[in-house]
Structure formats: structure tokens, C-alpha cells
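*Asks:* coords.cif is reproduced in full below (mmCIF, C-alpha atoms; chains and numbers go by the auth columns).
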data_query
#
loop_
_atom_site.group_PDB
_atom_site.id
_atom_site.type_symbol
_atom_site.label_atom_id
_atom_site.label_comp_id
_atom_site.label_asym_id
_atom_site.label_seq_id
_atom_site.Cartn_x
_atom_site.Cartn_y
_atom_site.Cartn_z
_atom_site.B_iso_or_equiv
_atom_site.auth_seq_id
_atom_site.auth_asym_id
ATOM 1 C CA MET A 1 8.143 9.741 55.654 0.00 1 X
ATOM 2 C CA ASP A 2 7.933 6.062 56.517 0.00 2 X
ATOM 3 C CA TYR A 3 6.528 3.887 53.712 0.00 3 X
ATOM 4 C CA SER A 4 6.529 6.772 51.196 0.00 4 X
ATOM 5 C CA LEU A 5 8.265 4.683 48.497 0.00 5 X
ATOM 6 C CA VAL A 6 6.426 1.419 49.087 0.00 6 X
ATOM 7 C CA GLY A 7 3.892 0.642 46.344 0.00 7 X
ATOM 8 C CA PHE A 8 1.133 -0.532 48.678 0.00 8 X
ATOM 9 C CA GLY A 9 1.871 1.852 51.519 0.00 9 X
ATOM 10 C CA GLY A 10 2.270 0.661 55.055 0.00 10 X
ATOM 11 C CA GLY A 11 1.187 0.970 58.611 0.00 11 X
ATOM 12 C CA SER A 12 -2.391 2.078 59.214 0.00 12 X
ATOM 13 C CA ARG A 13 -2.729 3.239 55.580 0.00 13 X
ATOM 14 C CA PHE A 14 -1.779 -0.097 54.033 0.00 14 X
ATOM 15 C CA CYS A 15 -3.614 -0.691 50.728 0.00 15 X
ATOM 16 C CA LEU A 16 -6.789 -2.760 51.037 0.00 16 X
ATOM 17 C CA GLY A 17 -6.246 -4.159 47.527 0.00 17 X
ATOM 18 C CA TYR A 18 -2.850 -5.694 48.337 0.00 18 X
ATOM 19 C CA THR A 19 -4.142 -9.274 48.728 0.00 19 X
ATOM 20 C CA PHE A 20 -6.221 -8.994 45.551 0.00 20 X
ATOM 21 C CA ALA A 21 -3.228 -7.650 43.575 0.00 21 X
ATOM 22 C CA GLN A 22 -1.018 -10.475 44.856 0.00 22 X
ATOM 23 C CA MET A 23 -3.614 -13.070 43.808 0.00 23 X
ATOM 24 C CA GLU A 24 -3.948 -11.448 40.353 0.00 24 X
ATOM 25 C CA MET A 25 -0.175 -11.646 39.847 0.00 25 X
ATOM 26 C CA LYS A 26 -0.128 -15.326 40.827 0.00 26 X
ATOM 27 C CA ILE A 27 -2.999 -16.149 38.441 0.00 27 X
ATOM 28 C CA PHE A 28 -1.381 -14.239 35.565 0.00 28 X
ATOM 29 C CA THR A 29 1.967 -15.952 36.144 0.00 29 X
ATOM 30 C CA SER A 30 0.381 -19.396 36.314 0.00 30 X
ATOM 31 C CA LEU A 31 -1.463 -18.761 33.020 0.00 31 X
ATOM 32 C CA LEU A 32 1.801 -17.720 31.343 0.00 32 X
ATOM 33 C CA LEU A 33 3.580 -20.806 32.644 0.00 33 X
ATOM 34 C CA ARG A 34 0.736 -23.128 31.646 0.00 34 X
ATOM 35 C CA ASN A 35 0.030 -21.783 28.152 0.00 35 X
ATOM 36 C CA TYR A 36 3.467 -20.780 26.879 0.00 36 X
ATOM 37 C CA GLN A 37 6.907 -22.301 26.567 0.00 37 X
ATOM 38 C CA TRP A 38 9.898 -20.184 27.524 0.00 38 X
ATOM 39 C CA LYS A 39 13.446 -20.310 26.205 0.00 39 X
ATOM 40 C CA LEU A 40 16.394 -18.155 27.283 0.00 40 X
ATOM 41 C CA GLU A 41 18.120 -16.261 24.498 0.00 41 X
ATOM 42 C CA PRO A 42 21.763 -17.343 24.119 0.00 42 X
ATOM 43 C CA ASN A 43 24.876 -15.314 25.029 0.00 43 X
ATOM 44 C CA GLN A 44 23.472 -13.391 27.977 0.00 44 X
ATOM 45 C CA ASP A 45 25.454 -12.106 30.933 0.00 45 X
ATOM 46 C CA LEU A 46 23.445 -13.638 33.779 0.00 46 X
ATOM 47 C CA SER A 47 25.867 -12.592 36.513 0.00 47 X
ATOM 48 C CA LEU A 48 24.024 -10.620 39.168 0.00 48 X
ATOM 49 C CA ASN A 49 24.080 -6.861 39.674 0.00 49 X
ATOM 50 C CA SER A 50 22.858 -5.800 43.113 0.00 50 X
ATOM 51 C CA ILE A 51 22.064 -2.122 42.483 0.00 51 X
ATOM 52 C CA PRO A 52 19.292 -0.945 42.807 0.00 52 X
ATOM 53 C CA SER A 53 17.929 -4.470 43.305 0.00 53 X
ATOM 54 C CA LEU A 54 19.252 -7.934 42.502 0.00 54 X
ATOM 55 C CA HIS A 55 18.948 -8.577 38.742 0.00 55 X
ATOM 56 C CA PRO A 56 20.992 -10.072 35.862 0.00 56 X
ATOM 57 C CA ARG A 57 23.457 -7.569 34.360 0.00 57 X
ATOM 58 C CA SER A 58 22.087 -7.793 30.820 0.00 58 X
ATOM 59 C CA GLY A 59 18.469 -8.273 31.885 0.00 59 X
ATOM 60 C CA LEU A 60 16.704 -11.546 31.269 0.00 60 X
ATOM 61 C CA LYS A 61 15.875 -11.991 27.614 0.00 61 X
ATOM 62 C CA ILE A 62 13.513 -14.807 26.749 0.00 62 X
ATOM 63 C CA VAL A 63 11.604 -16.101 23.753 0.00 63 X
ATOM 64 C CA MET A 64 8.023 -17.074 24.493 0.00 64 X
ATOM 65 C CA PHE A 65 5.927 -19.185 22.173 0.00 65 X
ATOM 66 C CA LYS A 66 2.476 -20.751 22.396 0.00 66 X
ATOM 67 C CA ALA A 67 2.544 -24.299 23.764 0.00 67 X
#
As C-alpha cells, what does this structure read like?

*Replies:*
Amino acid sequence: MDYSLVGFGGGSRFCLGYTFAQMEMKIFTSLLLRNYQWKLEPNQDLSLNSIPSLHPRSGLKIVMFKA
């Protein structure tokens, strides 16, 4: 069926909470960026793998510490 694998659905049955969820993700991300410092762990393979979606081959390993 169309939209069966889409997290928020689609078409006439599109999730009413989509906009709220998007805003929550933006707020959470901004709080992480504002209150923590990020540092990439060394010796990572950051070349891109395209299957099933575009992502670094070895993941993205970071160290986060309170600012």
C-alpha cells in the first residue's frame, strides 16, 4: 500500500502530530547544541555508504560533554 512504510503516514491519513513532532525534534537538537560540546572520536571511516540510506560507514561516534 502507498505510504505503508512512512512513519507519519501520508495522503488523507497523514498524522496530525507531524508538525508537533518536528518542532519537538528541533527544540531537542537546539538544546543539545546549546548546552553541550561535541567532539568527533578519532580514526573513523567517514566515507559514505548509501544503503539503506546515506550514512558514514563506521557510524558517527562522538564524545559529548557539558559546556

*Asks:* Leaving out X:Asp45 and any residue of its chain fewer than 4 positions from it, which residues lie within 10 Å of it when counting only C-alpha atoms, given as JSON, numbers by chain?

*Replies:* {"X": [56, 57, 58, 59, 60]}

*Asks:* Tell me, in Å to one decimal, how far atom CA of X:Arg13 is from atom CA of X:Lys26.

*Replies:*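 Straight-line distance from atom CA of X:Arg13 to atom CA of X:Lys26 works out to 23.9 Å.
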
*Asks:* Of the candidates X:Phe65, X:Phe28, X:Tyr18, X:Trp38, which one gets nearest to X:Val6 if we count all atoms listed in the file?

*Replies:*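 Looking at the shortest contact to X:Val6, the residue is X:Tyr18.
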
*Asks:* How far is it from atom CA of X:Pro42 to atom CA of X:Ile27, in Å with one decimal?

*Replies:* 28.6 Å

*Asks:* Please, what distance in Å, to one decimal, runs between atom CA of X:Lys61 and atom CA of X:Gln44?

*Replies:* 7.7 Å

*Asks:* Of the candidates X:Gly10, X:Asp2, X:Val63, X:Leu16, which shows the shortest atom-to-atom distance to X:Gln37, using only C-alpha atoms?

*Replies:*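 The closest residue to X:Gln37 is X:Val63.
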
*Asks:* List the neighbours of X:Tyr36 out to 8 Å using only C-alpha atoms; skip same-chain residues closer than 3 positions along the sequence, and give me the result as a count of residues only.

*Replies:* 6

*Asks:* List the neighbours of X:Phe8 out to 12 Å using all atoms listed in the file; skip same-chain residues closer than 3 positions along the sequence, and give me the result as a PyMOL selection string.

*Replies:* chain X and resi 3-5+11-22

*Asks:* Around stretch 33-39 of chain X, fit a box with edges along x, y and z, padding it by 6 Å on each side, then list its centre and edge lengths in Å to one decimal as lines of an AutoDock Vina configuration file.

*Replies:*
center_x = 6.7
center_y = -21.7
center_z = 29.4
size_x = 25.4
size_y = 14.9
size_z = 18.4

*Asks:* Got a minute to add N, CA and C atoms to stretch 29-60 of chain X and dump it as a JSON list (two decimals), keeping the file's coordinate frame?

*Replies:*
[["chain", "number", "residue", "atom", "x", "y", "z"],
["X", 29, "THR", "N", 0.73, -15.18, 36.29],
["X", 29, "THR", "CA", 1.97, -15.95, 36.14],
["X", 29, "THR", "C", 1.67, -17.42, 35.85],
["X", 30, "SER", "N", 0.70, -17.98, 36.55],
["X", 30, "SER", "CA", 0.38, -19.40, 36.31],
["X", 30, "SER", "C", -0.17, -19.61, 34.90],
["X", 31, "LEU", "N", -0.96, -18.65, 34.39],
["X", 31, "LEU", "CA", -1.46, -18.76, 33.02],
["X", 31, "LEU", "C", -0.33, -18.69, 32.00],
["X", 32, "LEU", "N", 0.64, -17.80, 32.24],
["X", 32, "LEU", "CA", 1.80, -17.72, 31.34],
["X", 32, "LEU", "C", 2.59, -19.03, 31.35],
["X", 33, "LEU", "N", 2.81, -19.57, 32.54],
["X", 33, "LEU", "CA", 3.58, -20.81, 32.64],
["X", 33, "LEU", "C", 2.84, -22.00, 32.03],
["X", 34, "ARG", "N", 1.53, -22.01, 32.15],
["X", 34, "ARG", "CA", 0.74, -23.13, 31.65],
["X", 34, "ARG", "C", 0.57, -23.08, 30.13],
["X", 35, "ASN", "N", 0.40, -21.90, 29.56],
["X", 35, "ASN", "CA", 0.03, -21.78, 28.15],
["X", 35, "ASN", "C", 1.17, -21.43, 27.20],
["X", 36, "TYR", "N", 2.35, -21.15, 27.73],
["X", 36, "TYR", "CA", 3.47, -20.78, 26.88],
["X", 36, "TYR", "C", 4.70, -21.57, 27.25],
["X", 37, "GLN", "N", 5.59, -21.73, 26.29],
["X", 37, "GLN", "CA", 6.91, -22.30, 26.57],
["X", 37, "GLN", "C", 7.91, -21.15, 26.53],
["X", 38, "TRP", "N", 8.90, -21.24, 27.38],
["X", 38, "TRP", "CA", 9.90, -20.18, 27.52],
["X", 38, "TRP", "C", 11.27, -20.74, 27.15],
["X", 39, "LYS", "N", 12.08, -19.91, 26.54],
["X", 39, "LYS", "CA", 13.45, -20.31, 26.20],
["X", 39, "LYS", "C", 14.34, -19.09, 26.39],
["X", 40, "LEU", "N", 15.45, -19.26, 27.09],
["X", 40, "LEU", "CA", 16.39, -18.16, 27.28],
["X", 40, "LEU", "C", 17.13, -17.88, 25.98],
["X", 41, "GLU", "N", 17.31, -16.60, 25.66],
["X", 41, "GLU", "CA", 18.12, -16.26, 24.50],
["X", 41, "GLU", "C", 19.57, -16.54, 24.83],
["X", 42, "PRO", "N", 20.36, -17.00, 23.85],
["X", 42, "PRO", "CA", 21.76, -17.34, 24.12],
["X", 42, "PRO", "C", 22.63, -16.10, 24.33],
["X", 43, "ASN", "N", 23.83, -16.33, 24.86],
["X", 43, "ASN", "CA", 24.88, -15.31, 25.03],
["X", 43, "ASN", "C", 24.44, -14.13, 25.89],
["X", 44, "GLN", "N", 23.86, -14.43, 27.04],
["X", 44, "GLN", "CA", 23.47, -13.39, 27.98],
["X", 44, "GLN", "C", 24.44, -13.39, 29.15],
["X", 45, "ASP", "N", 24.67, -12.22, 29.71],
["X", 45, "ASP", "CA", 25.45, -12.11, 30.93],
["X", 45, "ASP", "C", 24.49, -12.22, 32.10],
["X", 46, "LEU", "N", 24.39, -13.40, 32.70],
["X", 46, "LEU", "CA", 23.44, -13.64, 33.78],
["X", 46, "LEU", "C", 24.07, -13.45, 35.16],
["X", 47, "SER", "N", 25.30, -12.90, 35.21],
["X", 47, "SER", "CA", 25.87, -12.59, 36.51],
["X", 47, "SER", "C", 25.03, -11.48, 37.15],
["X", 48, "LEU", "N", 24.97, -11.49, 38.47],
["X", 48, "LEU", "CA", 24.02, -10.62, 39.17],
["X", 48, "LEU", "C", 24.61, -9.25, 39.48],
["X", 49, "ASN", "N", 23.78, -8.24, 39.30],
["X", 49, "ASN", "CA", 24.08, -6.86, 39.67],
["X", 49, "ASN", "C", 23.15, -6.54, 40.84],
["X", 50, "SER", "N", 23.68, -5.98, 41.92],
["X", 50, "SER", "CA", 22.86, -5.80, 43.11],
["X", 50, "SER", "C", 22.28, -4.39, 43.26],
["X", 51, "ILE", "N", 22.56, -3.49, 42.33],
["X", 51, "ILE", "CA", 22.06, -2.12, 42.48],
["X", 51, "ILE", "C", 21.11, -1.79, 41.36],
["X", 52, "PRO", "N", 19.94, -1.26, 41.53],
["X", 52, "PRO", "CA", 19.29, -0.94, 42.81],
["X", 52, "PRO", "C", 18.65, -2.15, 43.47],
["X", 53, "SER", "N", 18.41, -3.22, 42.71],
["X", 53, "SER", "CA", 17.93, -4.47, 43.30],
["X", 53, "SER", "C", 18.59, -5.61, 42.54],
["X", 54, "LEU", "N", 18.56, -6.79, 43.10],
["X", 54, "LEU", "CA", 19.25, -7.93, 42.50],
["X", 54, "LEU", "C", 18.62, -8.30, 41.16],
["X", 55, "HIS", "N", 19.43, -8.25, 40.09],
["X", 55, "HIS", "CA", 18.95, -8.58, 38.74],
["X", 55, "HIS", "C", 20.14, -8.95, 37.85],
["X", 56, "PRO", "N", 19.90, -9.72, 36.77],
["X", 56, "PRO", "CA", 20.99, -10.07, 35.86],
["X", 56, "PRO", "C", 21.53, -8.81, 35.16],
["X", 57, "ARG", "N", 22.82, -8.77, 34.94],
["X", 57, "ARG", "CA", 23.46, -7.57, 34.36],
["X", 57, "ARG", "C", 22.87, -7.18, 33.01],
["X", 58, "SER", "N", 22.60, -8.14, 32.15],
["X", 58, "SER", "CA", 22.09, -7.79, 30.82],
["X", 58, "SER", "C", 20.58, -7.97, 30.74],
["X", 59, "GLY", "N", 19.90, -8.01, 31.89],
["X", 59, "GLY", "CA", 18.47, -8.27, 31.88],
["X", 59, "GLY", "C", 18.24, -9.76, 31.72],
["X", 60, "LEU", "N", 17.02, -10.14, 31.48],
["X", 60, "LEU", "CA", 16.70, -11.55, 31.27],
["X", 60, "LEU", "C", 15.88, -11.62, 30.00]]
